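Below is the file upload-v1.tsv, which contains TSV, C-alpha atoms.
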```tsv
chain	number	residue	atom	x	y	z
L	1440	MET	CA	347.31	269.87	-6.76
L	1441	THR	CA	345.42	268.09	-4.01
L	1442	ASN	CA	346.15	264.47	-3.23
L	1443	PRO	CA	342.73	262.71	-3.45
L	1444	VAL	CA	343.86	259.95	-1.11
L	1445	THR	CA	344.87	262.25	1.74
L	1446	LYS	CA	342.76	265.39	1.23
L	1447	ASP	CA	340.46	264.67	4.20
L	1448	ARG	CA	343.20	263.42	6.51
L	1449	LEU	CA	345.13	265.23	9.22
L	1450	HIS	CA	347.72	267.61	7.79
L	1451	TYR	CA	350.70	269.41	9.27
L	1452	GLU	CA	348.51	272.32	10.37
L	1453	ASP	CA	346.26	270.00	12.40
L	1454	LEU	CA	349.07	268.81	14.68
L	1455	SER	CA	350.58	270.36	17.76
L	1456	VAL	CA	353.61	269.69	19.91
L	1457	GLY	CA	352.67	267.76	23.04
L	1458	GLN	CA	349.85	265.84	21.36
L	1459	VAL	CA	349.78	262.25	22.66
L	1460	PHE	CA	348.56	259.07	20.95
L	1461	GLU	CA	347.77	255.93	22.97
L	1462	LEU	CA	349.03	252.65	21.50
L	1463	GLY	CA	347.85	249.10	22.19
L	1464	PRO	CA	347.78	246.93	24.14
L	1465	LYS	CA	348.94	244.21	21.77
L	1466	GLN	CA	349.74	240.72	22.98
L	1467	VAL	CA	352.91	239.15	21.59
L	1468	THR	CA	352.48	235.38	21.31
L	1469	LYS	CA	355.12	232.70	20.95
L	1470	GLN	CA	353.90	232.02	17.40
L	1471	MET	CA	354.24	235.70	16.41
L	1472	ILE	CA	357.79	235.73	17.82
L	1473	PHE	CA	358.73	232.56	15.90
L	1474	ASP	CA	357.15	233.77	12.64
L	1475	PHE	CA	358.88	237.14	12.63
L	1476	ALA	CA	362.22	235.73	13.81
L	1477	HIS	CA	362.28	232.96	11.20
L	1478	GLU	CA	361.91	235.58	8.49
L	1479	PHE	CA	364.10	238.41	9.81
L	1480	ASP	CA	366.04	237.51	12.97
L	1481	PRO	CA	366.72	233.76	13.30
L	1482	LEU	CA	369.08	234.00	16.28
L	1483	PRO	CA	368.77	231.19	18.86
L	1484	PHE	CA	367.21	233.42	21.56
L	1485	HIS	CA	364.33	234.31	19.20
L	1486	ILE	CA	363.61	230.85	17.72
L	1487	ASP	CA	364.63	228.28	20.34
L	1488	GLU	CA	363.04	228.28	23.80
L	1489	GLN	CA	365.82	226.29	25.45
L	1490	ALA	CA	368.59	228.45	23.98
L	1491	ALA	CA	366.61	231.55	24.96
L	1492	LYS	CA	366.51	230.47	28.63
L	1493	ARG	CA	370.31	230.25	28.67
L	1494	SER	CA	370.78	233.60	26.89
L	1495	LEU	CA	371.16	237.13	28.24
L	1496	LEU	CA	367.44	237.65	27.56
L	1497	GLY	CA	366.39	234.93	30.02
L	1498	GLY	CA	363.55	233.49	27.93
L	1499	LEU	CA	361.98	233.42	24.48
L	1500	ALA	CA	361.94	237.08	23.44
L	1501	ALA	CA	360.69	238.99	20.44
L	1502	SER	CA	363.23	240.40	18.02
L	1503	GLY	CA	363.78	244.06	18.82
L	1504	TRP	CA	362.86	244.80	15.20
L	1505	HIS	CA	359.60	242.95	15.77
L	1506	THR	CA	358.78	245.09	18.83
L	1507	ALA	CA	359.54	248.21	16.79
L	1508	ALA	CA	357.44	247.01	13.83
L	1509	LEU	CA	354.49	246.21	16.10
L	1510	SER	CA	354.78	249.64	17.73
L	1511	LEU	CA	354.86	251.27	14.29
L	1512	ARG	CA	351.75	249.31	13.30
L	1513	MET	CA	349.92	250.55	16.39
L	1514	LEU	CA	350.89	254.14	15.55
L	1515	ILE	CA	349.55	253.74	12.01
L	1516	ASP	CA	346.28	252.35	13.38
L	1517	THR	CA	345.81	255.23	15.81
L	1518	PHE	CA	347.38	258.15	13.94
L	1519	LEU	CA	349.55	257.88	10.83
L	1520	GLY	CA	346.90	255.96	8.86
L	1521	HIS	CA	344.56	258.92	9.36
L	1522	ALA	CA	347.20	261.51	8.52
L	1523	ALA	CA	348.55	262.79	5.19
L	1524	SER	CA	351.79	260.93	5.85
L	1525	MET	CA	354.51	261.07	3.20
L	1526	GLY	CA	356.67	258.34	4.75
L	1527	GLY	CA	359.46	258.15	7.28
L	1528	LEU	CA	362.76	260.03	7.10
L	1529	GLY	CA	364.34	257.78	9.69
L	1530	PHE	CA	364.68	257.46	13.42
L	1531	THR	CA	367.11	257.98	16.26
L	1532	LYS	CA	367.62	256.59	19.76
L	1533	LEU	CA	365.83	253.30	19.27
L	1534	ARG	CA	366.51	251.59	22.61
L	1535	TRP	CA	365.52	248.07	23.54
L	1536	LYS	CA	365.33	248.48	27.30
L	1537	ARG	CA	364.06	245.08	28.29
L	1538	PRO	CA	363.12	241.89	26.43
L	1539	VAL	CA	359.53	241.45	25.25
L	1540	LEU	CA	358.83	237.85	26.28
L	1541	ALA	CA	356.28	235.43	24.81
L	1542	GLY	CA	352.86	236.28	26.27
L	1543	ASP	CA	353.73	239.89	27.14
L	1544	ALA	CA	351.30	242.62	26.09
L	1545	ILE	CA	352.87	245.86	24.88
L	1546	SER	CA	351.25	249.26	24.99
L	1547	GLY	CA	352.47	252.81	25.25
L	1548	THR	CA	352.30	256.36	24.05
L	1549	VAL	CA	353.63	258.40	21.17
L	1550	THR	CA	354.09	262.11	21.77
L	1551	ILE	CA	354.69	264.79	19.14
L	1552	SER	CA	357.92	266.39	20.34
L	1553	GLU	CA	358.67	268.65	17.37
L	1554	LEU	CA	357.00	270.07	14.23
L	1555	ARG	CA	358.84	271.92	11.50
L	1556	ARG	CA	358.40	272.96	7.88
L	1557	SER	CA	360.89	272.13	5.18
L	1558	VAL	CA	362.55	275.25	3.77
L	1559	SER	CA	363.33	273.80	0.36
L	1560	ARG	CA	359.99	272.03	-0.09
L	1561	PRO	CA	357.08	274.14	1.18
L	1562	LYS	CA	354.60	271.24	0.85
L	1563	TRP	CA	356.55	269.13	3.30
L	1564	GLY	CA	356.29	269.16	7.07
L	1565	VAL	CA	358.29	267.04	9.49
L	1566	VAL	CA	356.69	265.58	12.61
L	1567	THR	CA	358.92	264.10	15.31
L	1568	LEU	CA	357.25	261.29	17.27
L	1569	ASP	CA	358.60	259.95	20.57
L	1570	PHE	CA	357.66	256.34	21.38
L	1571	ASP	CA	357.49	255.11	24.97
L	1572	MET	CA	356.49	251.42	25.06
L	1573	HIS	CA	355.83	249.28	28.15
L	1574	ASN	CA	354.92	245.70	29.02
L	1575	GLN	CA	351.86	244.65	31.06
L	1576	LYS	CA	353.85	245.16	34.29
L	1577	GLY	CA	354.47	248.80	33.41
L	1578	GLN	CA	358.15	248.19	32.68
L	1579	GLN	CA	359.61	250.19	29.81
L	1580	VAL	CA	360.57	247.92	26.90
L	1581	MET	CA	361.39	250.32	24.05
L	1582	THR	CA	361.83	253.99	23.24
L	1583	MET	CA	362.41	255.61	19.85
L	1584	ARG	CA	362.26	258.98	18.10
L	1585	LEU	CA	360.74	258.75	14.60
L	1586	ASN	CA	360.87	261.54	12.02
L	1587	ASN	CA	357.99	261.39	9.55
L	1588	LEU	CA	357.05	263.59	6.61
L	1589	ILE	CA	353.52	264.98	6.46
L	1590	GLU	CA	351.75	267.09	3.84
L	1591	VAL	CA	351.27	270.79	4.49
L	1592	ARG	CA	347.70	271.78	3.55
L	1593	ASN	CA	348.48	275.41	2.70
L	1594	PRO	CA	352.07	275.57	1.48
L	1595	ASP	CA	351.78	279.28	0.67
L	1596	THR	CA	351.15	280.28	4.27
L	1597	PRO	CA	354.31	281.10	6.08
L	1598	GLY	CA	354.94	278.75	8.96
L	1599	GLU	CA	357.63	278.05	11.45
L	1600	VAL	CA	360.48	276.62	9.46
L	1601	GLY	CA	363.27	274.31	10.38
L	1602	SER	CA	366.01	273.03	8.11
H	693	MET	CA	379.70	238.97	14.83
H	694	THR	CA	380.81	235.67	16.26
H	695	GLN	CA	384.43	236.60	16.13
H	696	TRP	CA	385.64	237.14	19.65
H	697	PHE	CA	385.72	240.76	20.75
H	698	GLU	CA	389.52	240.78	20.60
H	699	ASN	CA	389.58	239.57	16.96
H	700	ILE	CA	387.14	242.06	15.49
H	701	GLU	CA	388.71	244.34	12.90
H	702	ILE	CA	387.69	247.98	12.95
H	703	GLY	CA	386.61	249.52	9.65
H	704	GLU	CA	386.80	246.34	7.59
H	705	LYS	CA	383.84	246.25	5.17
H	706	HIS	CA	381.87	243.05	4.61
H	707	THR	CA	379.25	242.58	1.91
H	708	LEU	CA	376.33	240.87	3.63
H	709	GLY	CA	374.50	240.00	0.43
H	710	GLN	CA	371.69	241.14	-1.82
H	711	HIS	CA	367.94	241.02	-1.81
H	712	THR	CA	365.44	241.74	-4.59
H	713	PHE	CA	362.20	243.20	-3.27
H	714	GLU	CA	359.24	241.71	-5.12
H	715	HIS	CA	355.90	243.49	-5.27
H	716	ASP	CA	354.02	240.90	-3.22
H	717	GLU	CA	356.46	240.80	-0.32
H	718	ILE	CA	356.45	244.61	-0.18
H	719	VAL	CA	352.65	244.54	0.17
H	720	ARG	CA	352.76	241.64	2.63
H	721	PHE	CA	355.18	243.40	5.00
H	722	GLY	CA	353.32	246.67	4.60
H	723	THR	CA	349.97	245.05	5.36
H	724	ALA	CA	351.35	243.47	8.53
H	725	TYR	CA	353.41	246.32	10.00
H	726	ASP	CA	353.26	249.52	7.96
H	727	PRO	CA	349.86	249.72	6.19
H	728	GLN	CA	350.27	253.22	4.75
H	729	TYR	CA	348.72	253.55	1.30
H	730	PHE	CA	352.02	253.92	-0.58
H	731	HIS	CA	353.18	250.53	0.79
H	732	ILE	CA	350.03	248.47	0.12
H	733	ASP	CA	347.81	250.00	-2.59
H	734	ASP	CA	349.14	250.38	-6.15
H	735	ASP	CA	346.40	252.74	-7.37
H	736	ALA	CA	346.42	255.02	-4.33
H	737	ALA	CA	350.24	255.03	-4.29
H	738	GLU	CA	350.20	256.71	-7.75
H	739	HIS	CA	348.90	259.83	-5.99
H	740	SER	CA	351.73	259.90	-3.44
H	741	HIS	CA	354.94	261.84	-4.01
H	742	PHE	CA	356.60	258.46	-4.64
H	743	ASP	CA	354.47	257.98	-7.82
H	744	GLY	CA	353.96	254.31	-7.04
H	745	ILE	CA	354.30	251.64	-4.41
H	746	ILE	CA	357.50	251.49	-2.34
H	747	ALA	CA	358.76	249.14	0.37
H	748	SER	CA	358.45	250.20	4.00
H	749	GLY	CA	361.84	251.43	5.22
H	750	TRP	CA	361.35	249.03	8.12
H	751	HIS	CA	361.07	246.18	5.63
H	752	THR	CA	364.37	247.07	3.96
H	753	ALA	CA	365.97	247.38	7.42
H	754	CYS	CA	364.60	244.02	8.62
H	755	VAL	CA	366.00	242.31	5.51
H	756	GLY	CA	369.38	243.94	6.24
H	757	HIS	CA	369.22	242.55	9.76
H	758	ARG	CA	368.38	239.10	8.40
H	759	LEU	CA	371.43	239.18	6.14
H	760	LEU	CA	373.59	240.20	9.12
H	761	VAL	CA	372.23	237.27	11.16
H	762	ASP	CA	372.94	234.92	8.24
H	763	ALA	CA	376.51	236.24	8.07
H	764	ILE	CA	376.94	235.69	11.82
H	765	THR	CA	375.59	232.14	11.54
H	766	GLN	CA	377.90	231.40	8.60
H	767	GLN	CA	380.88	232.84	10.47
H	768	THR	CA	380.16	230.53	13.43
H	769	ALA	CA	380.03	227.53	11.10
H	770	ASP	CA	383.30	228.59	9.42
H	771	LEU	CA	385.09	228.98	12.76
H	772	ILE	CA	383.92	225.55	13.93
H	773	GLU	CA	384.97	224.07	10.56
H	774	ALA	CA	388.43	225.59	11.07
H	775	GLY	CA	388.66	223.90	14.47
H	776	GLU	CA	388.27	227.13	16.43
H	777	THR	CA	385.85	227.98	19.20
H	778	PRO	CA	383.48	230.69	17.97
H	779	GLY	CA	382.64	233.72	20.04
H	780	GLU	CA	379.08	234.72	20.70
H	781	ALA	CA	376.88	237.59	19.51
H	782	GLY	CA	374.44	238.92	22.09
H	783	PRO	CA	371.30	241.00	21.77
H	784	SER	CA	371.54	244.61	20.61
H	785	PRO	CA	370.82	247.46	23.03
H	786	GLY	CA	369.58	249.65	20.20
H	787	VAL	CA	369.97	251.78	17.11
H	788	ASN	CA	371.56	255.23	17.30
H	789	VAL	CA	370.63	256.64	13.90
H	790	MET	CA	368.68	255.31	10.91
H	791	GLU	CA	368.26	257.42	7.78
H	792	PHE	CA	365.99	256.35	4.92
H	793	LYS	CA	367.45	258.00	1.80
H	794	THR	CA	366.08	256.46	-1.42
H	795	PRO	CA	362.79	254.55	-1.77
H	796	VAL	CA	362.86	250.85	-2.72
H	797	ARG	CA	360.49	249.97	-5.56
H	798	PRO	CA	359.27	246.53	-6.70
H	799	GLY	CA	362.07	244.70	-8.52
H	800	ASP	CA	364.89	246.75	-6.95
H	801	THR	CA	367.92	244.74	-5.88
H	802	ILE	CA	369.55	246.03	-2.70
H	803	THR	CA	373.14	245.28	-1.67
H	804	TYR	CA	373.99	245.46	2.04
H	805	THR	CA	377.40	246.32	3.48
H	806	PHE	CA	378.44	246.00	7.14
H	807	TRP	CA	381.37	247.23	9.19
H	808	VAL	CA	382.40	247.85	12.79
H	809	GLU	CA	383.26	251.47	13.54
H	810	ALA	CA	384.43	251.06	17.15
H	811	LYS	CA	384.62	248.57	20.02
H	812	ARG	CA	384.92	248.87	23.76
H	813	VAL	CA	384.60	246.70	26.86
H	814	SER	CA	381.07	246.75	28.29
H	815	ASN	CA	380.63	248.54	31.62
H	816	SER	CA	377.29	246.92	32.36
H	817	LEU	CA	377.87	243.33	31.24
H	818	PRO	CA	381.03	241.65	32.57
H	819	GLY	CA	382.62	239.41	29.94
H	820	TRP	CA	381.11	241.23	26.99
H	821	GLY	CA	382.24	243.97	24.64
H	822	VAL	CA	380.11	246.56	22.87
H	823	LEU	CA	380.48	247.24	19.16
H	824	THR	CA	379.39	250.32	17.21
H	825	GLU	CA	378.26	248.90	13.88
H	826	TRP	CA	377.00	250.21	10.53
H	827	ILE	CA	374.95	248.81	7.70
H	828	GLU	CA	374.61	250.66	4.40
H	829	ALA	CA	372.18	249.55	1.72
H	830	HIS	CA	372.49	250.57	-1.95
H	831	ASN	CA	370.21	249.89	-4.90
H	832	GLN	CA	371.23	248.57	-8.32
H	833	ASN	CA	372.01	252.13	-9.46
H	834	GLY	CA	374.44	252.67	-6.60
H	835	GLU	CA	372.07	255.03	-4.75
H	836	LEU	CA	372.14	254.92	-0.96
H	837	VAL	CA	368.86	253.39	0.26
H	838	TYR	CA	369.56	253.64	3.98
H	839	LYS	CA	372.33	253.82	6.52
H	840	VAL	CA	372.07	252.74	10.11
H	841	GLN	CA	374.40	252.92	13.11
H	842	PHE	CA	373.64	250.48	15.91
H	843	ALA	CA	375.20	248.78	18.93
H	844	GLY	CA	375.82	245.08	19.55
H	845	PHE	CA	377.24	242.89	22.30
H	846	VAL	CA	379.96	240.34	21.62
H	847	LYS	CA	381.78	238.03	24.05
H	848	ARG	CA	385.36	238.68	25.22
H	849	ARG	CA	387.83	235.80	25.02
H	850	ASP	CA	390.39	237.28	27.43
H	851	TYR	CA	388.06	237.59	30.36
H	852	THR	CA	388.22	235.88	33.74
H	853	PRO	CA	385.27	236.66	35.98
H	854	LYS	CA	385.99	237.95	39.47
H	855	LEU	CA	384.93	235.68	42.35
H	856	SER	CA	381.94	237.92	43.13
H	857	GLU	CA	380.82	237.72	39.49
H	858	ARG	CA	381.19	233.93	39.44
H	859	LEU	CA	379.07	233.69	42.57
H	860	ALA	CA	376.43	236.04	41.12
H	861	LEU	CA	376.34	234.00	37.91
H	862	PHE	CA	376.00	230.75	39.87
H	863	ALA	CA	373.21	232.28	41.93
H	864	ALA	CA	371.42	233.59	38.84
H	865	GLN	CA	371.50	230.13	37.26
H	866	ASN	CA	370.18	228.38	40.37
H	867	PRO	CA	366.39	228.85	40.73
H	868	LEU	CA	366.32	228.21	44.51
H	869	LEU	CA	369.14	230.62	45.24
H	870	ARG	CA	367.64	233.18	42.86
H	871	ARG	CA	364.29	233.05	44.69
H	872	PHE	CA	366.08	233.32	48.04
H	873	LEU	CA	368.12	236.34	46.90
H	874	SER	CA	365.22	238.14	45.19
H	875	GLY	CA	363.07	237.51	48.28
H	876	ARG	CA	365.64	239.43	50.23
H	877	GLY	CA	365.47	242.24	47.69
```
Please, can you express the file's structure as structure tokens?
Amino acid sequence: MTNPVTKDRLHYEDLSVGQVFELGPKQVTKQMIFDFAHEFDPLPFHIDEQAAKRSLLGGLAASGWHTAALSLRMLIDTFLGHAASMGGLGFTKLRWKRPVLAGDAISGTVTISELRRSVSRPKWGVVTLDFDMHNQKGQQVMTMRLNNLIEVRNPDTPGEVGS
Amino acid sequence: MTQWFENIEIGEKHTLGQHTFEHDEIVRFGTAYDPQYFHIDDDAAEHSHFDGIIASGWHTACVGHRLLVDAITQQTADLIEAGETPGEAGPSPGVNVMEFKTPVRPGDTITYTFWVEAKRVSNSLPGWGVLTEWIEAHNQNGELVYKVQFAGFVKRRDYTPKLSERLALFAAQNPLLRRFLSGRG
């Protein structure tokens, strides 16, 4: 049973370890920071410029969840939106290395670090994606390892299998 | 948490609250940050292995974070009301593990629970402690939606800065001195 939505998209078999996707740049404005923070992270250092200057972050900074969500969006634009994605399993090692301040532009790379087939579900592949995000000065702002499910085009062919 | 580091109880579970995910907010978040077809397009989503639209896991996680922030804000207000000086929650260095377990569908009501697994004094930030924290989210059927382990900074009450740290702090807060010091590398 072929999925009509994803049949012409990239499948598990089309990917290889070491493949790199370029993300961004995306400018993060004060208004974007306020809008996201008011909905999901209304701490003083994300919604109040004066409080932000006095905080550990040293200035109005995007919520870390906002930086991650923007990075995810860039990955969907460049890769996952063109792939037979089946959704995320989760992620590990999300590190906010440095604040993303109002006016910063973030860009980066995502590298496929691992590919494996599900043993119990032959139609499912797992792609591990390593994010490495920077600001316009080249300083690292965020890293993360995302595990995403992707359709296997030919489930009957034996492949390398993981768990 | 805006309890002081010293007052934080390990393992004590707190219900952060509930949130019902409506169809339109699922699509709105998905359109902005996670525009995969099973988050934004009802018809196309029928063909996915989810058999319908589901919320982005990042959406459910962001709502959990919002409820945590609300709890922190409420705790601060309660401490002030009780005549105490609240502590201070700092930014988080990151998330160790996030697992998305059960999809969230339109109309699902998710209950979020928080607890602190461990605490230690920060090596990198004098005057602060680091907490290892968890949030678990369950749907109305009791199924685990996600669990996440993350780190957070919280201020120490019993902390007196060393003279060198007080000088560094003074220098950092004084723009002229800061420029002078950074100019000298």
| Selection near region 1577-1593 of chain L, 9 Å with all atoms listed in the file, sequence-local residues under 6 positions removed, as an NGL selection string | (:L and (1441 or 1445-1446 or 1449-1452 or 1503 or 1506-1507 or 1522-1539 or 1545 or 1547 or 1552 or 1556 or 1561-1571)) or (:H and (787))
Check: which chain H residues lie within 8 Å of chain L using all atoms listed in the file, as a short mmCIF file (atom, residue, chain, number, x, y, z; two decimals) with C-alpha atoms, in the coordinates of the input:
```
data_model
loop_
_atom_site.label_atom_id
_atom_site.label_comp_id
_atom_site.auth_asym_id
_atom_site.auth_seq_id
_atom_site.Cartn_x
_atom_site.Cartn_y
_atom_site.Cartn_z
CA ALA H 724 351.35 243.47 8.53
CA TYR H 725 353.41 246.32 10.00
CA ASP H 726 353.26 249.52 7.96
CA PRO H 727 349.86 249.72 6.19
CA GLN H 728 350.27 253.22 4.75
CA ALA H 736 346.42 255.02 -4.33
CA HIS H 739 348.90 259.83 -5.99
CA SER H 740 351.73 259.90 -3.44
CA HIS H 741 354.94 261.84 -4.01
CA GLY H 749 361.84 251.43 5.22
CA TRP H 750 361.35 249.03 8.12
CA CYS H 754 364.60 244.02 8.62
CA VAL H 755 366.00 242.31 5.51
CA HIS H 757 369.22 242.55 9.76
CA ARG H 758 368.38 239.10 8.40
CA VAL H 761 372.23 237.27 11.16
CA GLY H 782 374.44 238.92 22.09
CA PRO H 783 371.30 241.00 21.77
CA SER H 784 371.54 244.61 20.61
CA PRO H 785 370.82 247.46 23.03
CA GLY H 786 369.58 249.65 20.20
CA VAL H 787 369.97 251.78 17.11
CA ASN H 788 371.56 255.23 17.30
CA VAL H 789 370.63 256.64 13.90
CA MET H 790 368.68 255.31 10.91
CA GLU H 791 368.26 257.42 7.78
CA PHE H 792 365.99 256.35 4.92
CA LYS H 793 367.45 258.00 1.80
#
```
| request: Please identify all polymer residues within 6 Å of Gly799 (chain H), counting only C-alpha atoms, omitting same-chain residues fewer than 5 positions from it, and present them as a PyMOL selection string. | output: chain H and resi 712-714
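Once region 1463-1469 of chain L and its same-chain neighbours fewer than 2 positions away are set aside, Glu1461, Met1471, Ile1472, Phe1473, Leu1499, Ala1501, Met1513, Val1539, Leu1540, Ala1541, Gly1542, Asp1543, Ala1544, Ile1545, Ser1546 and Gly1547 of chain L remain within 8 Å of it when counting only C-alpha atoms.
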Once you have the residues from the selection above, write them out as a PDB file, keeping the file's coordinate frame, restricted to C-alpha atoms.
```pdb
ATOM      1  CA  GLU L1461     347.770 255.930  22.970  1.00  0.00           C
ATOM      2  CA  MET L1471     354.240 235.700  16.410  1.00  0.00           C
ATOM      3  CA  ILE L1472     357.790 235.730  17.820  1.00  0.00           C
ATOM      4  CA  PHE L1473     358.730 232.560  15.900  1.00  0.00           C
ATOM      5  CA  LEU L1499     361.980 233.420  24.480  1.00  0.00           C
ATOM      6  CA  ALA L1501     360.690 238.990  20.440  1.00  0.00           C
ATOM      7  CA  MET L1513     349.920 250.550  16.390  1.00  0.00           C
ATOM      8  CA  VAL L1539     359.530 241.450  25.250  1.00  0.00           C
ATOM      9  CA  LEU L1540     358.830 237.850  26.280  1.00  0.00           C
ATOM     10  CA  ALA L1541     356.280 235.430  24.810  1.00  0.00           C
ATOM     11  CA  GLY L1542     352.860 236.280  26.270  1.00  0.00           C
ATOM     12  CA  ASP L1543     353.730 239.890  27.140  1.00  0.00           C
ATOM     13  CA  ALA L1544     351.300 242.620  26.090  1.00  0.00           C
ATOM     14  CA  ILE L1545     352.870 245.860  24.880  1.00  0.00           C
ATOM     15  CA  SER L1546     351.250 249.260  24.990  1.00  0.00           C
ATOM     16  CA  GLY L1547     352.470 252.810  25.250  1.00  0.00           C
TER      17      GLY L1547
END
```
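With all atoms listed in the file as the atoms that count, the minimum distance from Thr768 (chain H) to the choices H:Trp807, H:Gly844, H:Ser814, H:Gln695 is reached by H:Gln695.
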| said: What does the structure give for the distance between CA of Leu759 (chain H) and CA of Pro778 (chain H), in Å to one decimal? | reply: 18.9 Å
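Note that CA of Ser1455 (chain L) and CA of Ile1551 (chain L) are 7.1 Å apart.
Note that CA of Arg1560 (chain L) and CA of Val840 (chain H) are 24.9 Å apart.
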| query | Which of these, H:Asn831, H:Phe845, H:Lys839, H:Val808, has the shortest distance to Ile700 (chain H) once you count only C-alpha atoms? | reply | H:Val808
Is it possible to produce a file of region 1522-1541 of chain L from this structure, with N, CA and C atoms, as a PDB file, in the first residue's frame?
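Written file, selection16.pdb:
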```
ATOM      1  N   ALA L1522      10.709  14.670   2.241  1.00  0.00           N
ATOM      2  CA  ALA L1522      10.986  13.272   2.570  1.00  0.00           C
ATOM      3  C   ALA L1522       9.691  12.603   3.031  1.00  0.00           C
ATOM      4  N   ALA L1523       9.674  11.272   2.974  1.00  0.00           N
ATOM      5  CA  ALA L1523       8.521  10.499   3.429  1.00  0.00           C
ATOM      6  C   ALA L1523       8.591  10.332   4.943  1.00  0.00           C
ATOM      7  N   SER L1524       8.612  11.499   5.619  1.00  0.00           N
ATOM      8  CA  SER L1524       8.744  11.506   7.083  1.00  0.00           C
ATOM      9  C   SER L1524       7.502  10.911   7.734  1.00  0.00           C
ATOM     10  N   MET L1525       7.714  10.199   8.826  1.00  0.00           N
ATOM     11  CA  MET L1525       6.605   9.630   9.603  1.00  0.00           C
ATOM     12  C   MET L1525       6.571  10.231  11.006  1.00  0.00           C
ATOM     13  N   GLY L1526       7.270  11.366  11.182  1.00  0.00           N
ATOM     14  CA  GLY L1526       7.237  12.044  12.477  1.00  0.00           C
ATOM     15  C   GLY L1526       8.465  11.759  13.325  1.00  0.00           C
ATOM     16  N   GLY L1527       8.594  12.535  14.382  1.00  0.00           N
ATOM     17  CA  GLY L1527       9.767  12.425  15.248  1.00  0.00           C
ATOM     18  C   GLY L1527       9.563  11.413  16.354  1.00  0.00           C
ATOM     19  N   LEU L1528      10.640  10.711  16.707  1.00  0.00           N
ATOM     20  CA  LEU L1528      10.613   9.805  17.863  1.00  0.00           C
ATOM     21  C   LEU L1528      11.012  10.532  19.133  1.00  0.00           C
ATOM     22  N   GLY L1529      11.809  11.591  18.926  1.00  0.00           N
ATOM     23  CA  GLY L1529      12.316  12.345  20.064  1.00  0.00           C
ATOM     24  C   GLY L1529      13.684  12.893  19.741  1.00  0.00           C
ATOM     25  N   PHE L1530      14.335  13.426  20.775  1.00  0.00           N
ATOM     26  CA  PHE L1530      15.672  13.965  20.546  1.00  0.00           C
ATOM     27  C   PHE L1530      16.501  13.840  21.814  1.00  0.00           C
ATOM     28  N   THR L1531      17.807  13.964  21.633  1.00  0.00           N
ATOM     29  CA  THR L1531      18.719  13.941  22.773  1.00  0.00           C
ATOM     30  C   THR L1531      19.689  15.106  22.633  1.00  0.00           C
ATOM     31  N   LYS L1532      20.368  15.404  23.731  1.00  0.00           N
ATOM     32  CA  LYS L1532      21.484  16.364  23.723  1.00  0.00           C
ATOM     33  C   LYS L1532      21.126  17.700  23.078  1.00  0.00           C
ATOM     34  N   LEU L1533      19.954  18.201  23.380  1.00  0.00           N
ATOM     35  CA  LEU L1533      19.636  19.573  22.949  1.00  0.00           C
ATOM     36  C   LEU L1533      20.382  20.509  23.890  1.00  0.00           C
ATOM     37  N   ARG L1534      21.331  21.278  23.329  1.00  0.00           N
ATOM     38  CA  ARG L1534      22.153  22.173  24.149  1.00  0.00           C
ATOM     39  C   ARG L1534      22.020  23.600  23.641  1.00  0.00           C
ATOM     40  N   TRP L1535      21.645  24.488  24.563  1.00  0.00           N
ATOM     41  CA  TRP L1535      21.603  25.910  24.228  1.00  0.00           C
ATOM     42  C   TRP L1535      22.939  26.501  24.666  1.00  0.00           C
ATOM     43  N   LYS L1536      23.817  26.704  23.690  1.00  0.00           N
ATOM     44  CA  LYS L1536      25.212  27.039  23.994  1.00  0.00           C
ATOM     45  C   LYS L1536      25.395  28.512  24.293  1.00  0.00           C
ATOM     46  N   ARG L1537      24.549  29.328  23.702  1.00  0.00           N
ATOM     47  CA  ARG L1537      24.743  30.772  23.769  1.00  0.00           C
ATOM     48  C   ARG L1537      23.392  31.401  23.432  1.00  0.00           C
ATOM     49  N   PRO L1538      23.047  32.530  24.055  1.00  0.00           N
ATOM     50  CA  PRO L1538      21.743  33.126  23.762  1.00  0.00           C
ATOM     51  C   PRO L1538      21.642  33.575  22.299  1.00  0.00           C
ATOM     52  N   VAL L1539      20.458  33.429  21.727  1.00  0.00           N
ATOM     53  CA  VAL L1539      20.150  34.035  20.424  1.00  0.00           C
ATOM     54  C   VAL L1539      19.472  35.365  20.744  1.00  0.00           C
ATOM     55  N   LEU L1540      20.180  36.471  20.429  1.00  0.00           N
ATOM     56  CA  LEU L1540      19.698  37.795  20.813  1.00  0.00           C
ATOM     57  C   LEU L1540      18.892  38.422  19.681  1.00  0.00           C
ATOM     58  N   ALA L1541      18.031  39.378  20.041  1.00  0.00           N
ATOM     59  CA  ALA L1541      17.201  40.068  19.040  1.00  0.00           C
ATOM     60  C   ALA L1541      18.094  40.628  17.939  1.00  0.00           C
TER      61      ALA L1541
END
```
